[in-house]
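protein.cif, holding mmCIF, C-alpha atoms and all ligand atoms:
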```cif
data_input
#
loop_
_atom_site.label_atom_id
_atom_site.label_comp_id
_atom_site.auth_asym_id
_atom_site.auth_seq_id
_atom_site.Cartn_x
_atom_site.Cartn_y
_atom_site.Cartn_z
CA MET A 1 -5.41 -22.83 112.27
CA ALA A 2 -3.24 -25.00 110.06
CA LYS A 3 0.03 -26.24 111.52
CA LEU A 4 3.38 -25.95 109.73
CA GLY A 5 5.82 -28.76 109.08
CA VAL A 6 9.14 -27.54 107.71
CA ASN A 7 10.92 -29.81 105.26
CA ILE A 8 14.68 -29.42 105.76
CA ASP A 9 15.84 -31.61 102.84
CA HIS A 10 17.36 -28.74 100.91
CA VAL A 11 19.61 -27.71 103.76
CA ALA A 12 21.12 -31.17 103.28
CA THR A 13 21.11 -30.66 99.49
CA VAL A 14 23.53 -27.75 99.93
CA ARG A 15 25.69 -29.83 102.28
CA GLU A 16 25.80 -32.70 99.81
CA ALA A 17 26.96 -30.33 97.06
CA ARG A 18 30.33 -30.47 98.89
CA LYS A 19 29.87 -33.74 100.82
CA THR A 20 30.86 -31.84 103.93
CA TYR A 21 29.34 -31.11 107.37
CA GLU A 22 27.65 -27.77 106.67
CA PRO A 23 24.98 -26.56 106.55
CA ASP A 24 23.81 -29.01 109.20
CA PRO A 25 20.16 -30.09 108.87
CA ILE A 26 20.06 -30.84 112.60
CA GLU A 27 20.86 -27.21 113.38
CA ALA A 28 18.30 -26.19 110.75
CA ALA A 29 15.65 -28.26 112.52
CA ARG A 30 16.52 -26.61 115.84
CA ILE A 31 16.12 -23.13 114.32
CA CYS A 32 12.80 -24.07 112.66
CA GLU A 33 11.47 -25.34 115.98
CA GLU A 34 12.66 -22.25 117.82
CA ALA A 35 10.80 -20.17 115.22
CA GLY A 36 7.61 -22.04 116.11
CA CYS A 37 7.05 -24.75 113.51
CA ASP A 38 4.96 -27.74 114.51
CA SER A 39 6.99 -30.52 112.96
CA ILE A 40 10.20 -31.30 111.11
CA VAL A 41 9.94 -33.16 107.83
CA CYS A 42 12.72 -34.92 105.96
CA HIS A 43 12.79 -37.40 103.10
CA LEU A 44 15.23 -40.28 103.28
CA ARG A 45 15.52 -40.96 99.56
CA GLU A 46 16.64 -44.29 98.21
CA ASP A 47 19.57 -42.52 96.45
CA ARG A 48 20.41 -40.50 99.65
CA ARG A 49 20.78 -37.35 97.58
CA HIS A 50 20.23 -35.07 100.57
CA ILE A 51 19.20 -36.55 103.94
CA ARG A 52 21.54 -39.29 105.24
CA ASP A 53 20.64 -42.20 107.53
CA THR A 54 22.65 -40.57 110.33
CA ASP A 55 20.59 -37.35 109.97
CA VAL A 56 17.37 -39.27 110.58
CA ILE A 57 18.85 -41.02 113.62
CA THR A 58 20.09 -37.74 115.10
CA LEU A 59 16.85 -35.91 114.29
CA ARG A 60 14.94 -38.62 116.15
CA GLU A 61 17.01 -37.72 119.24
CA THR A 62 16.94 -33.94 118.86
CA VAL A 63 13.56 -32.97 117.39
CA LYS A 64 11.30 -31.71 120.16
CA THR A 65 8.11 -31.24 118.15
CA ARG A 66 7.32 -34.15 115.83
CA LEU A 67 9.51 -35.90 113.27
CA ASN A 68 7.73 -36.69 110.01
CA LEU A 69 9.79 -38.99 107.79
CA GLU A 70 8.89 -38.98 104.10
CA MET A 71 9.69 -42.32 102.58
CA SER A 72 9.00 -44.79 99.81
CA VAL A 73 7.70 -48.29 100.44
CA ALA A 74 11.10 -49.87 99.62
CA ALA A 75 11.90 -52.68 102.08
CA ASP A 76 15.24 -51.28 103.30
CA ILE A 77 13.73 -47.85 103.96
CA VAL A 78 10.78 -49.41 105.82
CA GLU A 79 13.31 -51.34 107.95
CA ILE A 80 15.12 -48.09 108.86
CA ALA A 81 11.81 -46.40 109.72
CA CYS A 82 10.82 -49.27 112.01
CA LYS A 83 14.16 -48.93 113.84
CA VAL A 84 14.19 -45.12 114.07
CA LYS A 85 10.47 -44.78 114.84
CA PRO A 86 9.66 -41.25 113.67
CA ASP A 87 6.41 -39.84 115.09
CA GLN A 88 4.96 -39.98 111.61
CA ALA A 89 5.88 -41.49 108.25
CA THR A 90 4.54 -40.01 105.04
CA LEU A 91 4.55 -42.54 102.24
CA VAL A 92 5.45 -40.99 98.90
CA PRO A 93 6.09 -42.38 95.43
CA GLU A 94 9.75 -42.23 94.46
CA LYS A 95 11.48 -42.30 91.11
CA ARG A 96 15.24 -42.00 90.99
CA ALA A 97 15.40 -39.65 88.03
CA GLU A 98 12.86 -37.14 89.41
CA VAL A 99 13.98 -33.74 90.68
CA THR A 100 11.29 -33.78 93.37
CA THR A 101 8.27 -35.94 94.26
CA GLU A 102 6.30 -35.63 91.05
CA GLY A 103 2.84 -36.89 91.89
CA GLY A 104 0.89 -38.64 94.57
CA LEU A 105 0.92 -42.33 95.41
CA ASP A 106 -1.28 -44.52 93.24
CA VAL A 107 -2.94 -46.19 96.24
CA LYS A 108 -5.52 -47.85 94.02
CA LYS A 109 -2.94 -49.58 91.82
CA ASN A 110 -0.51 -50.46 94.64
CA PHE A 111 -3.12 -51.14 97.31
CA THR A 112 -1.82 -54.47 98.64
CA LYS A 113 1.78 -53.27 99.01
CA ILE A 114 0.80 -49.94 100.56
CA ARG A 115 -1.65 -51.53 102.99
CA SER A 116 1.00 -53.98 104.18
CA VAL A 117 3.60 -51.20 104.71
CA VAL A 118 0.98 -49.07 106.51
CA SER A 119 0.20 -51.88 108.92
CA GLU A 120 3.89 -52.74 109.51
CA LEU A 121 4.70 -49.11 110.35
CA MET A 122 1.57 -48.69 112.50
CA ASP A 123 2.50 -51.85 114.41
CA ASN A 124 5.73 -50.01 115.24
CA GLY A 125 3.77 -47.11 116.72
CA ILE A 126 4.28 -44.77 113.75
CA GLU A 127 1.41 -42.59 112.50
CA ILE A 128 0.97 -42.90 108.76
CA SER A 129 0.13 -40.30 106.16
CA LEU A 130 -0.30 -41.08 102.46
CA PHE A 131 0.77 -38.42 99.94
CA ILE A 132 -1.87 -38.49 97.22
CA ASN A 133 -3.37 -36.38 94.47
CA PRO A 134 -6.66 -34.74 95.50
CA SER A 135 -8.87 -37.32 93.78
CA ARG A 136 -11.83 -39.16 95.31
CA PRO A 137 -10.73 -42.70 94.32
CA GLN A 138 -7.26 -42.16 95.83
CA ILE A 139 -8.79 -40.77 99.03
CA PHE A 140 -11.23 -43.68 99.25
CA GLU A 141 -8.46 -46.26 98.78
CA SER A 142 -6.22 -44.43 101.28
CA ALA A 143 -8.87 -44.78 103.99
CA ARG A 144 -9.08 -48.51 103.22
CA THR A 145 -5.34 -49.01 103.92
CA GLY A 146 -5.87 -48.16 107.59
CA ALA A 147 -3.85 -44.92 107.37
CA LYS A 148 -5.43 -42.13 109.43
CA ILE A 149 -3.86 -39.18 107.61
CA ILE A 150 -3.51 -38.09 103.99
CA GLU A 151 -1.40 -35.31 102.53
CA LEU A 152 -2.94 -33.71 99.46
CA HIS A 153 -0.44 -32.95 96.69
CA THR A 154 -0.76 -29.21 96.00
CA GLY A 155 1.58 -29.22 92.98
CA VAL A 156 -1.12 -28.66 90.34
CA TYR A 157 -2.57 -25.78 92.39
CA ALA A 158 0.90 -24.28 92.91
CA ASN A 159 1.78 -24.53 89.22
CA ALA A 160 -1.52 -23.07 87.95
CA LYS A 161 -0.88 -20.81 84.95
CA ASN A 162 -3.49 -18.19 85.80
CA ASP A 163 -5.96 -17.14 88.45
CA THR A 164 -8.92 -19.03 86.96
CA GLN A 165 -6.98 -22.28 86.97
CA ARG A 166 -5.66 -21.58 90.47
CA ARG A 167 -9.19 -21.00 91.80
CA LYS A 168 -10.36 -24.20 90.11
CA GLU A 169 -7.54 -26.20 91.72
CA LEU A 170 -8.28 -24.62 95.10
CA GLU A 171 -11.87 -25.90 94.78
CA VAL A 172 -10.49 -29.37 93.99
CA LEU A 173 -8.44 -29.23 97.20
CA LYS A 174 -11.42 -28.00 99.22
CA ARG A 175 -13.72 -30.75 97.93
CA ALA A 176 -11.03 -33.38 98.51
CA THR A 177 -10.60 -32.16 102.09
CA ILE A 178 -14.35 -32.36 102.81
CA TYR A 179 -14.56 -35.86 101.32
CA ALA A 180 -11.50 -37.12 103.23
CA GLN A 181 -12.82 -35.68 106.49
CA SER A 182 -16.15 -37.43 105.88
CA LEU A 183 -14.18 -40.71 105.82
CA GLY A 184 -12.54 -39.80 109.14
CA LEU A 185 -9.15 -38.90 107.68
CA GLU A 186 -6.96 -36.07 108.93
CA VAL A 187 -5.90 -33.85 106.02
CA ASN A 188 -2.50 -32.28 105.43
CA ALA A 189 -1.26 -30.67 102.23
CA GLY A 190 2.00 -29.75 100.60
CA HIS A 191 4.28 -29.37 97.62
CA GLY A 192 5.06 -26.13 95.84
CA LEU A 193 3.46 -23.96 98.53
CA ASN A 194 5.13 -20.58 98.87
CA TYR A 195 4.69 -17.11 100.36
CA ASP A 196 2.27 -16.11 97.57
CA ASN A 197 0.00 -19.13 97.32
CA VAL A 198 -0.12 -20.63 100.83
CA ARG A 199 -2.82 -18.44 102.34
CA ASP A 200 -5.84 -19.88 100.54
CA VAL A 201 -4.75 -23.43 101.29
CA ALA A 202 -4.16 -22.56 104.95
CA LEU A 203 -7.73 -21.23 105.09
CA ILE A 204 -9.33 -24.50 103.93
CA LYS A 205 -11.65 -25.55 106.76
CA GLY A 206 -10.13 -28.26 108.93
CA MET A 207 -6.77 -28.25 107.12
CA ASN A 208 -4.49 -29.83 109.72
CA GLU A 209 -0.91 -29.21 108.60
CA LEU A 210 1.00 -27.77 105.65
CA ASN A 211 4.39 -29.21 104.80
CA ILE A 212 6.67 -26.70 103.15
CA GLY A 213 10.33 -26.94 102.19
CA HIS A 214 11.76 -25.34 99.09
CA SER A 215 10.24 -21.87 99.44
CA ILE A 216 11.23 -21.53 103.11
CA ILE A 217 14.82 -22.64 102.53
CA SER A 218 15.00 -20.36 99.45
CA ARG A 219 13.72 -17.40 101.46
CA ALA A 220 16.17 -18.17 104.25
CA ILE A 221 19.11 -17.72 101.87
CA PHE A 222 18.09 -14.13 101.15
CA THR A 223 17.05 -13.22 104.67
CA GLY A 224 20.45 -14.47 105.88
CA LEU A 225 22.84 -13.67 103.03
CA GLY A 226 23.51 -10.06 103.97
CA GLN A 227 24.42 -10.99 107.54
CA ALA A 228 26.66 -13.82 106.31
CA VAL A 229 28.60 -11.44 104.07
CA GLU A 230 28.92 -8.86 106.86
CA GLU A 231 30.34 -11.51 109.22
CA MET A 232 32.89 -12.61 106.63
CA LEU A 233 33.89 -9.02 105.96
CA ARG A 234 34.40 -8.39 109.69
CA ILE A 235 36.88 -11.28 109.79
CA ILE A 236 38.72 -10.30 106.61
CA ARG A 237 39.02 -6.63 107.51
N1 LIG B 301 5.16 -32.86 101.11
C1 LIG B 301 5.71 -33.93 100.47
C2 LIG B 301 5.08 -35.26 100.64
C3 LIG B 301 6.88 -33.78 99.70
O1 LIG B 301 7.41 -34.85 99.07
C4 LIG B 301 7.48 -32.50 99.62
C5 LIG B 301 8.75 -32.33 98.85
O2 LIG B 301 9.78 -33.03 99.46
C6 LIG B 301 6.88 -31.44 100.31
C7 LIG B 301 5.71 -31.63 101.02
C8 LIG B 301 7.47 -30.07 100.31
O3 LIG B 301 7.42 -29.53 99.02
P1 LIG B 301 8.17 -28.17 98.72
O4 LIG B 301 9.63 -28.42 98.91
O5 LIG B 301 7.81 -27.88 97.30
O6 LIG B 301 7.65 -27.16 99.69
#
```
Can the structure from this file be put into structure tokens for me?
Amino acid sequence: MAKLGVNIDHVATVREARKTYEPDPIEAARICEEAGCDSIVCHLREDRRHIRDTDVITLRETVKTRLNLEMSVAADIVEIACKVKPDQATLVPEKRAEVTTEGGLDVKKNFTKIRSVVSELMDNGIEISLFINPSRPQIFESARTGAKIIELHTGVYANAKNDTQRRKELEVLKRATIYAQSLGLEVNAGHGLNYDNVRDVALIKGMNELNIGHSIISRAIFTGLGQAVEEMLRIIR
């Protein structure tokens, strides 16, 4: 059975809309863990658009499951990771202008840099996952960096225009998983997974963990909005 990592970035996105203290991603992590998730994921972006350094430090102290820090290979972020020591770091490509992580790492092109960051983080006792597109060359190069985990980018699958394309992309993910496992890699997946499309990915044989953020936080707004209005009305009336 696939595990679930909940990405809490967008709780912090709402907080940053007002640069205030609520909603608190630390409290969000606590609720996610109480609900049974297997890990907490957050992305300390170079532009700090949602998660702050202090969030990562506090999460390290409060998360009871596993803390998975998404991060670029930028030197200052690597330094923070080595100090904070999350259970796992997931290396992702990062462009400042992007709305979200747009594609996987190009491990082939940036092999030397990625391998050196992988070994620095592993020397600090951090497990490393590489976020890559489901392509054989990227999987092969990922294994060569020394990383033991990959996370397959499910964006193309999630954005498929019709069922035929979706089934084709699911096959791509399945084949990528089999190939990665044959190289001894643990396989996670994520990006764009939601309540409609997650099931088939969760059923991929040996799929270890799915990392999901936007759809869970979006759903939480509507499962909680009615109660929030009722509470406010009770105070006003
Ligand atoms: N996995 C990785 C590596 C990501 O960068 C993201 C987005 O931050 C996710 C999973 C979660 O994607 P989504 O928010 O679309 O569920």
Write out as number ranges by chain the residues lying within 9 Å of Ala147 of chain A, counting all atoms listed in the file and excluding same-chain residues fewer than 6 positions away.
-> A: 115, 118-119, 122, 127-130, 185
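Counting all atoms listed in the file, Leu44 of chain A has the following residues at most 9 Å away, ignoring those fewer than 6 positions along the same chain: Asp9, His50, Ile51, Arg52, Asp53, Val56, Leu69, Glu70, Met71, Ser72 and Ile77 of chain A.
Inspection of the environment of ligand LIG 301 (chain B), which uses all atoms listed in the file and a cut-off of 7 Å, identifies the neighbouring residues as Asn7, His43, Glu70, Thr90, Val92, Thr100, Thr101, Phe131, Glu151, Ala189, Gly190, His191, Gly192, Leu193, Asn211, Ile212, Gly213, His214 and Ser215 of chain A.
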Shortest contact to Ser116 of chain A, candidates A:Ala28, A:Arg15, A:Thr145, A:Arg234, atoms counted only C-alpha atoms, goes to A:Thr145
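The interatomic distance for the pair atom CA of Val172 of chain A and atom CA of Ile149 of chain A works out to 18.0 Å.
What separates atom CA of Ser142 of chain A from atom CA of Ala89 of chain A is a distance of 14.3 Å.
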Your completed segment 150-179 of chain A with N, CA and C atoms, as a compact mmCIF listing (two decimals), in the frame of the given file:
```txt
# COMPACT_ATOMS: atom_id res chain seq x y z
N ILE A 150 -3.98 -38.23 105.37
CA ILE A 150 -3.51 -38.09 103.99
C ILE A 150 -2.87 -36.72 103.85
N GLU A 151 -1.95 -36.61 102.89
CA GLU A 151 -1.40 -35.31 102.53
C GLU A 151 -1.76 -35.07 101.08
N LEU A 152 -2.53 -34.01 100.83
CA LEU A 152 -2.94 -33.71 99.46
C LEU A 152 -1.80 -33.02 98.72
N HIS A 153 -1.49 -33.52 97.53
CA HIS A 153 -0.44 -32.95 96.69
C HIS A 153 -0.96 -31.63 96.11
N THR A 154 -0.28 -30.53 96.45
CA THR A 154 -0.76 -29.21 96.00
C THR A 154 0.00 -28.72 94.77
N GLY A 155 0.74 -29.62 94.13
CA GLY A 155 1.58 -29.22 92.98
C GLY A 155 0.79 -28.60 91.83
N VAL A 156 -0.35 -29.18 91.48
CA VAL A 156 -1.12 -28.66 90.34
C VAL A 156 -1.64 -27.26 90.68
N TYR A 157 -2.12 -27.11 91.92
CA TYR A 157 -2.57 -25.78 92.39
C TYR A 157 -1.41 -24.78 92.33
N ALA A 158 -0.25 -25.20 92.84
CA ALA A 158 0.90 -24.28 92.91
C ALA A 158 1.41 -23.89 91.52
N ASN A 159 1.26 -24.81 90.57
CA ASN A 159 1.78 -24.53 89.22
C ASN A 159 0.74 -23.94 88.28
N ALA A 160 -0.44 -23.60 88.81
CA ALA A 160 -1.52 -23.07 87.95
C ALA A 160 -1.01 -21.87 87.15
N LYS A 161 -1.41 -21.84 85.87
CA LYS A 161 -0.88 -20.81 84.95
C LYS A 161 -1.54 -19.45 85.13
N ASN A 162 -2.79 -19.46 85.62
CA ASN A 162 -3.49 -18.19 85.80
C ASN A 162 -4.46 -18.31 86.98
N ASP A 163 -5.11 -17.20 87.27
CA ASP A 163 -5.96 -17.14 88.45
C ASP A 163 -7.18 -18.06 88.36
N THR A 164 -7.73 -18.18 87.13
CA THR A 164 -8.92 -19.03 86.96
C THR A 164 -8.55 -20.48 87.28
N GLN A 165 -7.42 -20.91 86.72
CA GLN A 165 -6.98 -22.28 86.97
C GLN A 165 -6.65 -22.48 88.46
N ARG A 166 -6.04 -21.48 89.06
CA ARG A 166 -5.66 -21.58 90.47
C ARG A 166 -6.90 -21.72 91.35
N ARG A 167 -7.94 -20.92 91.02
CA ARG A 167 -9.19 -21.00 91.80
C ARG A 167 -9.86 -22.37 91.63
N LYS A 168 -9.77 -22.88 90.39
CA LYS A 168 -10.36 -24.20 90.11
C LYS A 168 -9.64 -25.28 90.94
N GLU A 169 -8.33 -25.20 90.97
CA GLU A 169 -7.54 -26.20 91.72
C GLU A 169 -7.75 -26.06 93.23
N LEU A 170 -7.99 -24.83 93.68
CA LEU A 170 -8.28 -24.62 95.10
C LEU A 170 -9.60 -25.32 95.46
N GLU A 171 -10.59 -25.22 94.56
CA GLU A 171 -11.87 -25.90 94.78
C GLU A 171 -11.67 -27.41 94.87
N VAL A 172 -10.79 -27.94 93.97
CA VAL A 172 -10.49 -29.37 93.99
C VAL A 172 -9.95 -29.76 95.36
N LEU A 173 -9.03 -28.94 95.89
CA LEU A 173 -8.44 -29.23 97.20
C LEU A 173 -9.49 -29.15 98.31
N LYS A 174 -10.37 -28.16 98.19
CA LYS A 174 -11.42 -28.00 99.22
C LYS A 174 -12.35 -29.21 99.22
N ARG A 175 -12.79 -29.61 98.02
CA ARG A 175 -13.72 -30.75 97.93
C ARG A 175 -13.05 -32.03 98.42
N ALA A 176 -11.78 -32.19 98.08
CA ALA A 176 -11.03 -33.38 98.51
C ALA A 176 -10.94 -33.41 100.04
N THR A 177 -10.72 -32.24 100.62
CA THR A 177 -10.60 -32.16 102.09
C THR A 177 -11.92 -32.57 102.76
N ILE A 178 -13.03 -32.03 102.24
CA ILE A 178 -14.35 -32.36 102.81
C ILE A 178 -14.61 -33.86 102.70
N TYR A 179 -14.32 -34.42 101.53
CA TYR A 179 -14.56 -35.86 101.32
C TYR A 179 -13.69 -36.69 102.27
```
